[in-house]
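Chemist: Below is the file entry37.txt, with compact mmCIF, C-alpha atoms.
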# COMPACT_ATOMS: atom_id res chain seq x y z
CA MET D 1 0.00 0.00 0.00
CA MET D 2 1.37 3.27 -1.05
CA GLY D 3 1.54 5.98 1.66
CA GLY D 4 1.34 9.93 1.24
CA ARG D 5 4.41 11.81 0.41
CA ARG D 6 5.76 13.91 3.17
CA GLU D 7 8.11 16.89 2.53
CA GLY D 8 10.89 17.57 4.79
CA PRO D 9 11.66 20.87 6.51
CA LEU D 10 14.30 21.68 3.94
CA MET D 11 11.84 21.59 1.04
CA ARG D 12 9.33 23.75 2.83
CA ASN D 13 11.97 26.38 3.49
CA ALA D 14 13.08 26.37 -0.14
CA SER D 15 9.49 26.92 -1.36
CA ARG D 16 8.97 29.91 0.92
CA SER D 17 12.25 31.37 -0.24
CA VAL D 18 11.16 31.16 -3.90
CA VAL D 19 7.84 32.97 -3.21
CA LYS D 20 9.58 35.73 -1.32
CA SER D 21 12.16 36.19 -4.09
CA ARG D 22 9.36 36.45 -6.66
CA ILE D 23 7.60 39.11 -4.64
CA LEU D 24 10.80 41.09 -4.26
CA MET D 25 11.45 40.77 -7.98
CA ALA D 26 7.94 42.10 -8.78
CA ILE D 27 8.44 45.01 -6.44
CA ALA D 28 11.80 45.73 -8.03
CA ILE D 29 10.32 45.57 -11.51
CA GLY D 30 7.48 47.94 -10.41
CA ILE D 31 9.91 50.36 -8.92
CA SER D 32 12.08 50.20 -12.04
CA LEU D 33 9.12 50.77 -14.30
CA GLY D 34 7.99 53.65 -12.06
CA CYS D 35 11.40 55.24 -12.28
CA LEU D 36 11.42 54.73 -16.03
CA PHE D 37 8.00 56.34 -16.48
CA ALA D 38 8.98 59.07 -14.07
CA PHE D 39 11.98 59.79 -16.23
CA LEU D 40 10.15 59.56 -19.52
CA TYR D 41 6.94 61.36 -18.44
CA PRO D 42 7.88 63.79 -15.73
CA HIS D 43 4.37 65.43 -15.99
CA GLY D 44 2.47 62.14 -15.99
CA ILE D 45 1.28 59.80 -18.69
CA LEU D 46 -1.68 62.10 -19.77
CA SER D 47 0.36 65.28 -19.63
CA SER D 48 0.99 65.25 -23.42
CA SER D 49 -2.51 66.60 -24.04
CA ALA D 50 -2.44 68.97 -21.09
CA PRO D 51 -0.31 71.70 -22.72
CA ALA D 52 -2.67 71.88 -25.72
CA PHE D 53 -5.71 72.02 -23.45
CA HIS D 54 -4.08 74.65 -21.26
CA SER D 55 -3.13 76.63 -24.37
CA ARG D 56 -6.67 76.56 -25.74
CA ARG D 57 -8.13 77.61 -22.39
CA THR D 58 -5.63 80.42 -22.17
CA GLN D 59 -6.53 81.53 -25.69
CA VAL D 60 -10.27 81.54 -24.86
CA LEU D 61 -9.72 83.53 -21.69
CA SER D 62 -7.41 85.88 -23.60
CA ALA D 63 -9.98 86.29 -26.40
CA LYS D 64 -12.65 87.08 -23.84
CA CYS D 65 -10.47 89.70 -22.25
CA GLU D 66 -9.60 91.16 -25.63
CA SER D 67 -13.32 91.23 -26.65
CA SER D 68 -14.23 92.97 -23.42
CA GLU D 69 -11.48 95.49 -23.90
CA ARG D 70 -12.50 96.00 -27.59
CA LEU D 71 -16.15 96.45 -26.56
CA ASN D 72 -15.12 99.10 -24.08
CA GLU D 73 -13.05 100.79 -26.77
CA LEU D 74 -16.00 100.72 -29.19
CA LYS D 75 -18.30 102.17 -26.53
CA THR D 76 -15.82 104.95 -25.93
CA GLU D 77 -15.51 105.59 -29.67
CA TYR D 78 -19.33 105.61 -30.05
CA ALA D 79 -19.74 108.08 -27.20
CA ALA D 80 -17.11 110.33 -28.76
CA ALA D 81 -18.74 110.05 -32.20
CA SER D 82 -22.18 110.83 -30.73
CA GLU D 83 -20.80 113.86 -28.99
CA LYS D 84 -19.11 114.97 -32.21
CA ASN D 85 -22.33 114.35 -34.15
CA ALA D 86 -24.27 116.49 -31.67
CA GLU D 87 -21.72 119.26 -32.11
CA LEU D 88 -22.04 119.01 -35.90
CA ARG D 89 -25.83 119.11 -35.69
CA GLN D 90 -25.60 122.22 -33.54
CA GLN D 91 -23.23 123.80 -36.05
CA VAL D 92 -25.63 122.93 -38.91
CA LYS D 93 -28.49 124.44 -36.95
CA GLU D 94 -26.52 127.62 -36.29
CA LEU D 95 -25.43 127.87 -39.92
CA THR D 96 -29.01 127.30 -41.10
CA GLU D 97 -30.23 130.06 -38.82
CA LYS D 98 -27.51 132.39 -40.08
CA LEU D 99 -28.47 131.55 -43.66
CA ARG D 100 -32.13 132.24 -42.89
CA LEU D 101 -31.27 135.57 -41.34
CA ALA D 102 -29.05 136.39 -44.30
CA GLU D 103 -31.90 135.58 -46.68
CA GLN D 104 -34.24 137.70 -44.58
CA GLY D 105 -31.79 140.55 -44.78
CA LYS D 106 -31.84 140.64 -48.54
CA ASP D 107 -33.50 143.58 -50.17
CA HIS D 108 -36.90 142.16 -51.16
CA ALA D 109 -37.83 145.35 -52.95
CA GLN D 110 -34.70 145.06 -55.09
CA LYS D 111 -35.59 141.46 -55.94
CA GLN D 112 -39.05 142.59 -57.02
CA VAL D 113 -37.61 145.38 -59.14
CA LYS D 114 -35.26 142.92 -60.82
CA ALA D 115 -38.24 140.72 -61.60
CA LEU D 116 -40.29 143.59 -62.98
CA GLY D 117 -37.65 145.66 -64.70
CA LYS D 118 -34.57 147.76 -64.25
CA ARG D 119 -33.85 149.81 -61.14
CA HIS D 120 -34.61 153.51 -61.07
CA LYS D 121 -33.28 156.54 -59.27
CA PRO D 122 -35.80 158.13 -56.89
CA GLY D 123 -37.43 161.34 -58.10
CA PRO D 124 -37.93 164.64 -56.20
CA PHE D 125 -39.56 164.76 -52.79
CA GLY D 126 -43.24 163.82 -52.89
CA THR D 127 -43.10 162.22 -56.33
CA VAL D 128 -41.89 158.73 -55.36
CA LYS D 129 -44.41 155.88 -55.34
CA GLY D 130 -43.70 152.26 -54.53
CA LEU D 131 -44.74 149.27 -56.60
CA ARG D 132 -48.34 148.31 -55.93
CA THR D 133 -49.37 145.95 -58.69
CA ASN D 134 -47.74 142.53 -58.84
CA PRO D 135 -47.37 140.83 -62.24
CA THR D 136 -49.82 138.08 -63.12
CA VAL D 137 -48.75 134.45 -63.35
CA ILE D 138 -48.19 132.57 -66.59
CA PRO D 139 -51.45 130.70 -67.30
CA ASP D 140 -51.23 126.92 -67.03
CA GLU D 141 -54.16 125.32 -68.85
CA SER D 142 -52.84 121.82 -68.22
CA ILE D 143 -54.11 121.88 -64.64
CA ASN D 144 -57.76 121.82 -65.77
CA PRO D 145 -58.37 121.83 -69.54
CA ARG D 146 -62.15 121.49 -69.13
CA LEU D 147 -62.41 124.57 -66.90
CA ALA D 148 -60.04 126.44 -69.21
CA LYS D 149 -62.46 125.95 -72.11
CA ILE D 150 -65.41 127.14 -70.02
CA LEU D 151 -63.58 130.26 -68.87
CA GLU D 152 -62.46 131.06 -72.37
CA TYR D 153 -66.12 131.19 -73.33
CA VAL D 154 -67.53 132.92 -70.19
CA ALA D 155 -64.86 135.43 -69.10
CA VAL D 156 -64.54 138.98 -70.42
CA GLN D 157 -61.05 140.49 -70.44
CA ARG D 158 -59.93 137.41 -68.46
CA GLU D 159 -62.13 138.21 -65.47
CA LEU D 160 -65.49 136.98 -64.19
CA ILE D 161 -67.81 136.68 -61.20
CA VAL D 162 -67.70 133.28 -59.50
CA ALA D 163 -70.13 131.91 -56.90
CA LEU D 164 -70.28 128.54 -55.14
CA ALA D 165 -73.72 127.04 -54.54
CA ASN D 166 -75.48 123.89 -53.43
CA TRP D 167 -79.17 123.00 -53.30
CA ASN D 168 -79.53 124.54 -49.82
CA VAL D 169 -79.23 128.07 -51.29
CA LYS D 170 -81.35 127.51 -54.38
CA ASP D 171 -83.83 130.34 -53.64
CA THR D 172 -81.22 132.98 -52.83
CA LEU D 173 -79.18 131.85 -55.83
CA GLU D 174 -82.18 132.55 -58.05
CA VAL D 175 -82.46 136.12 -56.75
CA TRP D 176 -78.68 136.45 -57.21
CA PHE D 177 -78.50 135.43 -60.87
CA THR D 178 -81.76 137.22 -61.71
CA SER D 179 -80.20 140.50 -60.53
CA ILE D 180 -77.05 139.79 -62.56
CA LYS D 181 -79.10 139.16 -65.69
CA ARG D 182 -81.12 142.31 -65.08
CA VAL D 183 -77.98 144.45 -64.94
CA GLY D 184 -76.62 142.75 -68.06
CA ILE D 185 -73.43 141.27 -66.66
CA PRO D 186 -72.29 138.56 -69.09
CA ASN D 187 -69.21 137.18 -67.33
CA TYR D 188 -70.32 135.11 -64.36
CA LEU D 189 -70.19 131.45 -63.43
CA VAL D 190 -71.77 129.22 -60.78
CA VAL D 191 -69.61 126.45 -59.36
CA ALA D 192 -72.20 123.76 -58.62
CA LEU D 193 -71.47 121.70 -55.54
CA ASP D 194 -74.15 119.10 -56.25
CA ASP D 195 -75.98 117.69 -59.25
CA LYS D 196 -79.35 119.24 -58.40
CA ILE D 197 -78.04 122.79 -58.41
CA ALA D 198 -76.14 122.09 -61.64
CA GLU D 199 -79.35 120.94 -63.30
CA PHE D 200 -81.19 123.96 -61.87
CA CYS D 201 -78.63 126.34 -63.38
CA GLU D 202 -78.71 124.61 -66.74
CA SER D 203 -82.52 124.79 -66.83
CA ASN D 204 -82.28 128.56 -66.26
CA ASP D 205 -79.54 129.06 -68.85
CA ILE D 206 -76.98 129.98 -66.17
CA PRO D 207 -73.28 129.31 -66.88
CA VAL D 208 -72.36 126.48 -64.55
CA TYR D 209 -69.31 124.39 -63.82
CA LYS D 210 -69.52 121.06 -61.99
CA ARG D 211 -66.14 120.00 -60.69
CA ASP D 212 -64.72 116.53 -61.11
CA ALA D 213 -65.38 114.18 -58.22
CA ASP D 214 -63.55 115.01 -55.00
CA LYS D 215 -64.74 113.17 -51.89
CA GLY D 216 -63.73 115.87 -49.40
CA ILE D 217 -65.12 118.81 -51.37
CA ASP D 218 -68.20 116.94 -52.59
CA PHE D 219 -69.29 115.90 -49.09
CA ILE D 220 -69.05 119.44 -47.72
CA GLY D 221 -70.58 120.81 -50.89
CA ARG D 222 -73.67 118.64 -50.57
CA THR D 223 -74.22 118.77 -46.82
CA GLY D 224 -72.20 121.67 -45.43
CA THR D 225 -73.44 124.82 -43.71
CA ASN D 226 -72.95 128.28 -45.22
CA HIS D 227 -69.64 128.69 -43.38
CA ALA D 228 -68.41 125.23 -44.39
CA VAL D 229 -69.27 125.85 -48.04
CA SER D 230 -67.72 129.31 -47.83
CA GLY D 231 -64.42 127.75 -46.75
CA LEU D 232 -64.28 125.63 -49.91
CA LYS D 233 -63.86 128.63 -52.18
CA PHE D 234 -60.23 129.15 -51.25
CA ARG D 235 -59.35 125.71 -52.60
CA ILE D 236 -61.57 125.95 -55.67
CA LEU D 237 -60.47 129.47 -56.68
CA ARG D 238 -56.86 128.41 -56.96
CA GLU D 239 -57.47 126.72 -60.33
CA PHE D 240 -59.06 129.89 -61.73
CA LEU D 241 -55.98 131.91 -60.77
CA GLN D 242 -53.60 129.27 -62.11
CA LEU D 243 -55.42 129.51 -65.42
CA GLY D 244 -54.65 133.24 -65.41
CA TYR D 245 -58.12 134.67 -64.66
CA SER D 246 -59.06 137.41 -62.20
CA VAL D 247 -62.05 136.44 -60.10
CA LEU D 248 -64.70 138.53 -58.39
CA LEU D 249 -65.72 136.04 -55.73
CA SER D 250 -69.35 136.44 -54.73
CA ASP D 251 -71.59 134.92 -52.09
CA VAL D 252 -75.14 134.29 -53.32
CA ASP D 253 -76.80 136.56 -50.71
CA ILE D 254 -75.93 139.57 -52.88
CA VAL D 255 -78.15 141.74 -55.09
CA TYR D 256 -76.42 143.34 -58.10
CA LEU D 257 -77.64 146.81 -59.04
CA GLN D 258 -74.77 147.85 -61.34
CA ASN D 259 -71.88 146.14 -63.12
CA PRO D 260 -69.09 145.87 -60.50
CA PHE D 261 -66.33 145.61 -63.11
CA ASN D 262 -66.89 149.29 -63.91
CA TYR D 263 -65.87 150.24 -60.36
CA LEU D 264 -62.74 148.18 -59.75
CA TYR D 265 -59.22 149.65 -59.52
CA ARG D 266 -57.32 146.42 -60.28
CA ASP D 267 -54.14 147.81 -58.73
CA SER D 268 -53.85 145.32 -55.87
CA ASP D 269 -53.69 141.60 -55.35
CA VAL D 270 -56.92 141.66 -53.35
CA GLU D 271 -59.68 144.28 -53.56
CA SER D 272 -62.38 143.55 -51.02
CA MET D 273 -65.60 144.94 -49.62
CA THR D 274 -65.56 145.77 -45.92
CA ASP D 275 -67.71 144.91 -42.94
CA GLY D 276 -67.16 148.48 -41.75
CA HIS D 277 -70.10 150.88 -41.63
CA ASP D 278 -68.42 154.31 -41.77
CA ASN D 279 -65.12 155.91 -42.79
CA MET D 280 -63.35 154.97 -39.59
CA THR D 281 -64.39 151.34 -39.38
CA ALA D 282 -64.08 150.74 -43.12
CA TYR D 283 -60.73 152.40 -43.77
CA GLY D 284 -59.01 152.36 -40.38
CA PHE D 285 -58.52 154.71 -37.44
CA ASP D 286 -56.28 155.50 -34.49
CA ASP D 287 -57.86 153.79 -31.50
CA VAL D 288 -56.46 155.06 -28.19
CA PHE D 289 -56.25 152.53 -25.38
CA ASP D 290 -56.41 154.04 -21.90
CA GLU D 291 -54.56 152.39 -19.00
CA PRO D 292 -54.66 154.82 -16.00
CA THR D 293 -52.22 152.75 -13.90
CA MET D 294 -49.44 153.69 -16.35
CA GLY D 295 -49.64 157.32 -15.29
CA TRP D 296 -47.93 159.60 -17.82
CA ALA D 297 -47.92 156.76 -20.41
CA ARG D 298 -51.55 155.80 -19.83
CA TYR D 299 -52.57 156.32 -23.48
CA ALA D 300 -51.48 153.74 -26.05
CA HIS D 301 -52.31 154.28 -29.70
CA THR D 302 -53.51 151.33 -31.76
CA ILE D 303 -54.60 150.97 -35.38
CA ARG D 304 -58.03 149.48 -35.92
CA ILE D 305 -59.85 148.45 -39.07
CA TRP D 306 -62.93 146.31 -39.53
CA VAL D 307 -62.41 143.09 -41.41
CA TYR D 308 -62.65 142.48 -45.12
CA ASN D 309 -65.65 140.45 -46.16
CA SER D 310 -64.56 137.08 -47.52
CA GLY D 311 -67.88 136.77 -49.36
CA PHE D 312 -67.11 139.47 -51.90
CA PHE D 313 -63.62 140.28 -53.11
CA TYR D 314 -61.74 140.71 -56.37
CA ILE D 315 -58.53 138.70 -56.58
CA ARG D 316 -55.93 138.91 -59.34
CA PRO D 317 -53.89 135.91 -60.58
CA THR D 318 -50.61 136.78 -58.86
CA ILE D 319 -48.18 134.81 -56.73
CA PRO D 320 -49.21 136.60 -53.48
CA SER D 321 -52.87 135.96 -54.29
CA ILE D 322 -52.28 132.24 -54.79
CA GLU D 323 -50.18 132.15 -51.63
CA LEU D 324 -53.09 133.74 -49.76
CA LEU D 325 -55.48 131.06 -50.99
CA ASP D 326 -53.01 128.33 -50.03
CA ARG D 327 -52.48 129.79 -46.57
CA VAL D 328 -56.19 130.13 -45.84
CA ALA D 329 -57.09 126.70 -47.26
CA GLY D 330 -54.23 125.11 -45.33
CA ARG D 331 -55.27 126.66 -42.04
CA LEU D 332 -58.92 125.78 -42.52
CA ALA D 333 -57.89 122.17 -43.14
CA ARG D 334 -55.76 122.12 -39.97
CA GLU D 335 -58.23 124.17 -37.91
CA PRO D 336 -61.70 122.91 -38.91
CA LYS D 337 -63.45 125.05 -36.26
CA SER D 338 -61.96 128.28 -37.59
CA TRP D 339 -64.12 130.83 -39.39
CA ASP D 340 -62.90 131.36 -42.95
CA GLN D 341 -63.39 135.14 -42.82
CA ALA D 342 -61.27 135.48 -39.67
CA VAL D 343 -58.47 133.36 -41.17
CA PHE D 344 -58.71 135.28 -44.46
CA ASN D 345 -58.13 138.59 -42.66
CA GLU D 346 -55.40 137.30 -40.37
CA GLU D 347 -53.36 135.99 -43.29
CA LEU D 348 -53.96 139.19 -45.25
CA PHE D 349 -53.12 141.68 -42.49
CA PHE D 350 -50.84 140.15 -39.86
CA PRO D 351 -47.26 141.45 -40.29
CA SER D 352 -44.12 139.37 -40.17
CA HIS D 353 -42.86 138.77 -36.65
CA PRO D 354 -40.70 136.19 -34.85
CA GLY D 355 -41.88 132.75 -35.86
CA TYR D 356 -44.19 134.03 -38.59
CA GLU D 357 -43.66 135.43 -42.07
CA GLY D 358 -46.46 137.69 -43.19
CA LEU D 359 -48.00 137.71 -46.63
CA HIS D 360 -46.55 140.30 -49.02
CA ALA D 361 -49.81 141.09 -50.81
CA ALA D 362 -51.20 144.46 -51.92
CA ARG D 363 -54.78 145.11 -50.79
CA ARG D 364 -57.47 147.71 -51.36
CA THR D 365 -60.70 148.39 -49.47
CA MET D 366 -63.75 148.94 -51.67
CA ASP D 367 -65.98 151.99 -51.24
CA PHE D 368 -68.46 150.91 -48.57
CA TYR D 369 -71.29 152.96 -50.12
CA LEU D 370 -70.77 151.40 -53.55
CA PHE D 371 -70.17 147.88 -52.30
CA MET D 372 -72.61 148.03 -49.41
CA ASN D 373 -73.15 145.61 -46.56
CA SER D 374 -76.60 145.21 -45.02
CA LYS D 375 -75.64 146.97 -41.78
CA VAL D 376 -74.94 150.17 -43.72
CA LEU D 377 -78.20 149.80 -45.62
CA PHE D 378 -80.57 149.04 -42.76
CA LYS D 379 -78.94 151.08 -40.03
CA THR D 380 -77.96 154.20 -41.97
CA VAL D 381 -78.87 154.52 -45.66
CA ARG D 382 -82.59 153.70 -45.57
CA LYS D 383 -83.10 156.36 -42.85
CA ASP D 384 -81.28 159.11 -44.76
CA ALA D 385 -83.27 160.81 -47.54
CA ARG D 386 -80.15 161.81 -49.45
CA LEU D 387 -78.30 158.50 -49.12
CA SER D 388 -81.41 156.47 -49.92
CA LYS D 389 -81.44 158.04 -53.40
CA PHE D 390 -77.92 156.80 -54.06
CA LYS D 391 -77.71 153.57 -56.07
CA PRO D 392 -75.03 151.13 -54.87
CA VAL D 393 -73.25 148.66 -57.10
CA ILE D 394 -74.17 145.70 -54.92
CA ILE D 395 -75.83 145.08 -51.58
CA HIS D 396 -74.59 142.14 -49.55
CA VAL D 397 -77.05 140.84 -46.95
CA ASN D 398 -74.25 139.61 -44.74
CA TYR D 399 -75.32 141.08 -41.38
CA HIS D 400 -78.78 139.50 -41.27
CA PRO D 401 -80.07 135.90 -41.14
CA ASN D 402 -83.38 136.38 -43.02
CA LYS D 403 -81.47 136.82 -46.24
CA LEU D 404 -84.08 135.88 -48.84
CA GLU D 405 -86.73 138.28 -47.50
CA ARG D 406 -84.28 141.17 -47.30
CA MET D 407 -82.88 140.46 -50.76
CA LYS D 408 -86.39 140.61 -52.22
CA ALA D 409 -87.00 143.86 -50.31
CA VAL D 410 -83.79 145.33 -51.77
CA VAL D 411 -85.03 144.51 -55.26
CA GLU D 412 -88.39 146.11 -54.49
CA PHE D 413 -86.74 149.26 -53.17
CA TYR D 414 -83.99 149.82 -55.74
CA VAL D 415 -85.44 148.14 -58.85
CA ASN D 416 -89.19 148.50 -58.52
CA GLY D 417 -89.10 151.84 -56.66
CA ASN D 418 -91.14 150.75 -53.63
CA GLN D 419 -89.96 153.30 -51.01
CA ASP D 420 -91.62 151.36 -48.20
CA ALA D 421 -90.02 148.02 -49.01
CA LEU D 422 -87.25 148.33 -46.40
CA LYS D 423 -89.24 149.90 -43.57
CA ALA D 424 -90.63 146.76 -42.02
CA PHE D 425 -87.21 145.33 -41.14
CA PRO D 426 -85.38 146.02 -37.87
CA ASP D 427 -81.83 147.40 -37.87
CA GLY D 428 -80.50 144.12 -36.55
CA SER D 429 -81.74 140.55 -36.56
CA ASP D 430 -84.43 140.95 -33.86
CA TRP D 431 -87.94 141.83 -34.94
As structure tokens, what does this structure read like?
Modeler:
Amino acid sequence: MMGGRREGPLMRNASRSVVKSRILMAIAIGISLGCLFAFLYPHGILSSSAPAFHSRRTQVLSAKCESSERLNELKTEYAAASEKNAELRQQVKELTEKLRLAEQGKDHAQKQVKALGKRHKPGPFGTVKGLRTNPTVIPDESINPRLAKILEYVAVQRELIVALANWNVKDTLEVWFTSIKRVGIPNYLVVALDDKIAEFCESNDIPVYKRDADKGIDFIGRTGTNHAVSGLKFRILREFLQLGYSVLLSDVDIVYLQNPFNYLYRDSDVESMTDGHDNMTAYGFDDVFDEPTMGWARYAHTIRIWVYNSGFFYIRPTIPSIELLDRVAGRLAREPKSWDQAVFNEELFFPSHPGYEGLHAARRTMDFYLFMNSKVLFKTVRKDARLSKFKPVIIHVNYHPNKLERMKAVVEFYVNGNQDALKAFPDGSDW
């Protein structure tokens, strides 16, 4: 029988010695390899990519710093440019103002003389007279060929009476054109603001002009009040002046007793009847304002004149006249609650002053006894035996609301000779 093998103490010691030597060898190899790697890769095995990563991070941080610095530089440059731009704008503003003042300082009279002819030396004392009559514009028939043909047929010596009318004033219009026919005035025209009044005029053989469609004008023309319709004339008249025609603008609450063209001076841009009722109010006067608290200087002198009537005026086709129409029409469009007669007078009379350049237009006030308003007639003339025998050119029933009745009474008094025709009416509007 075979028994187990038993190792002796010597063998056991040899085995332990081999294991220990192997362990020591492994440790030695590890240490050697560690020294080798330490020598070859002093920054570690992964350190080869570290410099590149560190470089890129440094570049990013550097770029960010540079961008921030560049942004600050750009902000500084923008602020400086804005400040410079503000300075330049201020310089432009100052230069523009200087240029405007220089233009204002030019001799306007000399410019007008150059436009009209050569300059002249002034004559002896008391013989010098300034220019009063501006030259007319060059007619431009291209702006309205249809109206140009009508005016060529209707006008006499390139002038005519023009009235605006809608169906609301049909009865007064009939009295108006009947008086014109009676006097024998050939050159007049009705601007019809609706189809019904155009047909009415045509049926009575009245020269009529119906404008081309215009929504703004047509709406007011059909439905507007007397004041609203009255404001339209400043826009409509412009074409007449551009075509080179002088216009005697007439409201329809007027009775014609003589031909007005025989009594015009034609020396001004605008020749208008007045709302004044005597020499002072019609032609102007020195109105003294008393302010007792001023002591020695308590009296202040002012110039007063009653307004021109925007319902009857003669206007020549000149640049100032067209500018007047543009100014009034423009203001009425911007200020719809304004009264056209007030605006008409403000633009015609207000002088140039800071912030405003006045209109350089020549104007003439018509004789208030020849071109008579209804205040003069009913308050003064009808009560004076001498004045009541005087025959005016026209009578404008502008001061009274019952226009048709008073117009018929005027016809009875001046045409039919009924001396009692005016007596029943009060001076004013109250019965």
Chemist: Could you name the residues that touch range 331-346 of chain D at 7 Å or less, counting all atoms listed in the file, but leaving out those on the same chain fewer than 3 positions away, as a list in words?
Modeler: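 The residues that qualify are Gly231, Val307, Tyr308, Asn309, Ser310, Arg327, Val328, Phe349 and Phe350 of chain D.
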Chemist: Using only C-alpha atoms, determine which residues lie at most 12 Å from Gln419 in chain D, disregarding the query and same-chain residues fewer than 2 positions distant; provide the list as a PyMOL selection string.
Modeler: chain D and resi 382-383+385+388-389+409-417+421-424
Chemist: From the list D:Pro260, D:Gly355, D:Pro426, D:Pro124, which residue is nearest Met372 in chain D when using all atoms listed in the file?
Modeler: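 Smallest separation from Met372 in chain D among the options: D:Pro260.
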Chemist: Figure out the distance between CA of Gly184 in chain D and CA of Asp253 in chain D, please, to one decimal in Å.
Modeler: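 The value is 18.4 Å.
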Chemist: If we count all atoms listed in the file, what is near Leu164 in chain D at a cut-off of 8 Å, once residues fewer than 3 positions away on the same chain are taken out, given as a PyMOL selection string?
Modeler: chain D and resi 190-193+229-230+233+250-252
Chemist: Missing atoms in range 273-278 of chain D: fill them in up to all heavy atoms and send the result as an mmCIF file, keeping the file's coordinate frame.
Modeler:
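In the end it all went to part-v8.cif:
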data_model
loop_
_atom_site.group_PDB
_atom_site.id
_atom_site.type_symbol
_atom_site.label_atom_id
_atom_site.label_comp_id
_atom_site.auth_asym_id
_atom_site.auth_seq_id
_atom_site.Cartn_x
_atom_site.Cartn_y
_atom_site.Cartn_z
ATOM 1 N N MET D 273 -64.619 144.138 -50.334
ATOM 2 C CA MET D 273 -65.600 144.940 -49.620
ATOM 3 C C MET D 273 -65.325 144.803 -48.128
ATOM 4 O O MET D 273 -64.641 143.872 -47.690
ATOM 5 C CB MET D 273 -67.030 144.522 -49.954
ATOM 6 C CG MET D 273 -67.503 143.239 -49.330
ATOM 7 S SD MET D 273 -69.298 142.988 -49.557
ATOM 8 C CE MET D 273 -69.963 144.310 -48.532
ATOM 9 N N THR D 274 -65.847 145.728 -47.345
ATOM 10 C CA THR D 274 -65.560 145.770 -45.920
ATOM 11 C C THR D 274 -66.812 145.511 -45.100
ATOM 12 O O THR D 274 -67.935 145.751 -45.558
ATOM 13 C CB THR D 274 -64.973 147.136 -45.530
ATOM 14 O OG1 THR D 274 -64.832 147.207 -44.096
ATOM 15 C CG2 THR D 274 -65.887 148.274 -45.957
ATOM 16 N N ASP D 275 -66.613 145.021 -43.895
ATOM 17 C CA ASP D 275 -67.710 144.910 -42.940
ATOM 18 C C ASP D 275 -67.883 146.210 -42.152
ATOM 19 O O ASP D 275 -68.780 146.302 -41.306
ATOM 20 C CB ASP D 275 -67.452 143.756 -41.968
ATOM 21 C CG ASP D 275 -67.947 142.422 -42.515
ATOM 22 O OD1 ASP D 275 -68.475 142.407 -43.642
ATOM 23 O OD2 ASP D 275 -67.796 141.395 -41.824
ATOM 24 N N GLY D 276 -67.034 147.185 -42.419
ATOM 25 C CA GLY D 276 -67.160 148.480 -41.750
ATOM 26 C C GLY D 276 -68.411 149.223 -42.184
ATOM 27 O O GLY D 276 -68.949 148.976 -43.268
ATOM 28 N N HIS D 277 -68.843 150.182 -41.343
ATOM 29 C CA HIS D 277 -70.100 150.880 -41.630
ATOM 30 C C HIS D 277 -69.926 152.398 -41.717
ATOM 31 O O HIS D 277 -70.899 153.121 -41.904
ATOM 32 C CB HIS D 277 -71.130 150.556 -40.541
ATOM 33 C CG HIS D 277 -70.673 150.886 -39.151
ATOM 34 N ND1 HIS D 277 -70.874 152.111 -38.572
ATOM 35 C CD2 HIS D 277 -70.002 150.131 -38.248
ATOM 36 C CE1 HIS D 277 -70.367 152.103 -37.362
ATOM 37 N NE2 HIS D 277 -69.820 150.913 -37.140
ATOM 38 N N ASP D 278 -68.699 152.889 -41.584
ATOM 39 C CA ASP D 278 -68.420 154.310 -41.770
ATOM 40 C C ASP D 278 -66.957 154.454 -42.163
ATOM 41 O O ASP D 278 -66.234 153.461 -42.297
ATOM 42 C CB ASP D 278 -68.750 155.127 -40.507
ATOM 43 C CG ASP D 278 -68.024 154.621 -39.262
ATOM 44 O OD1 ASP D 278 -66.961 153.972 -39.400
ATOM 45 O OD2 ASP D 278 -68.524 154.864 -38.145
#
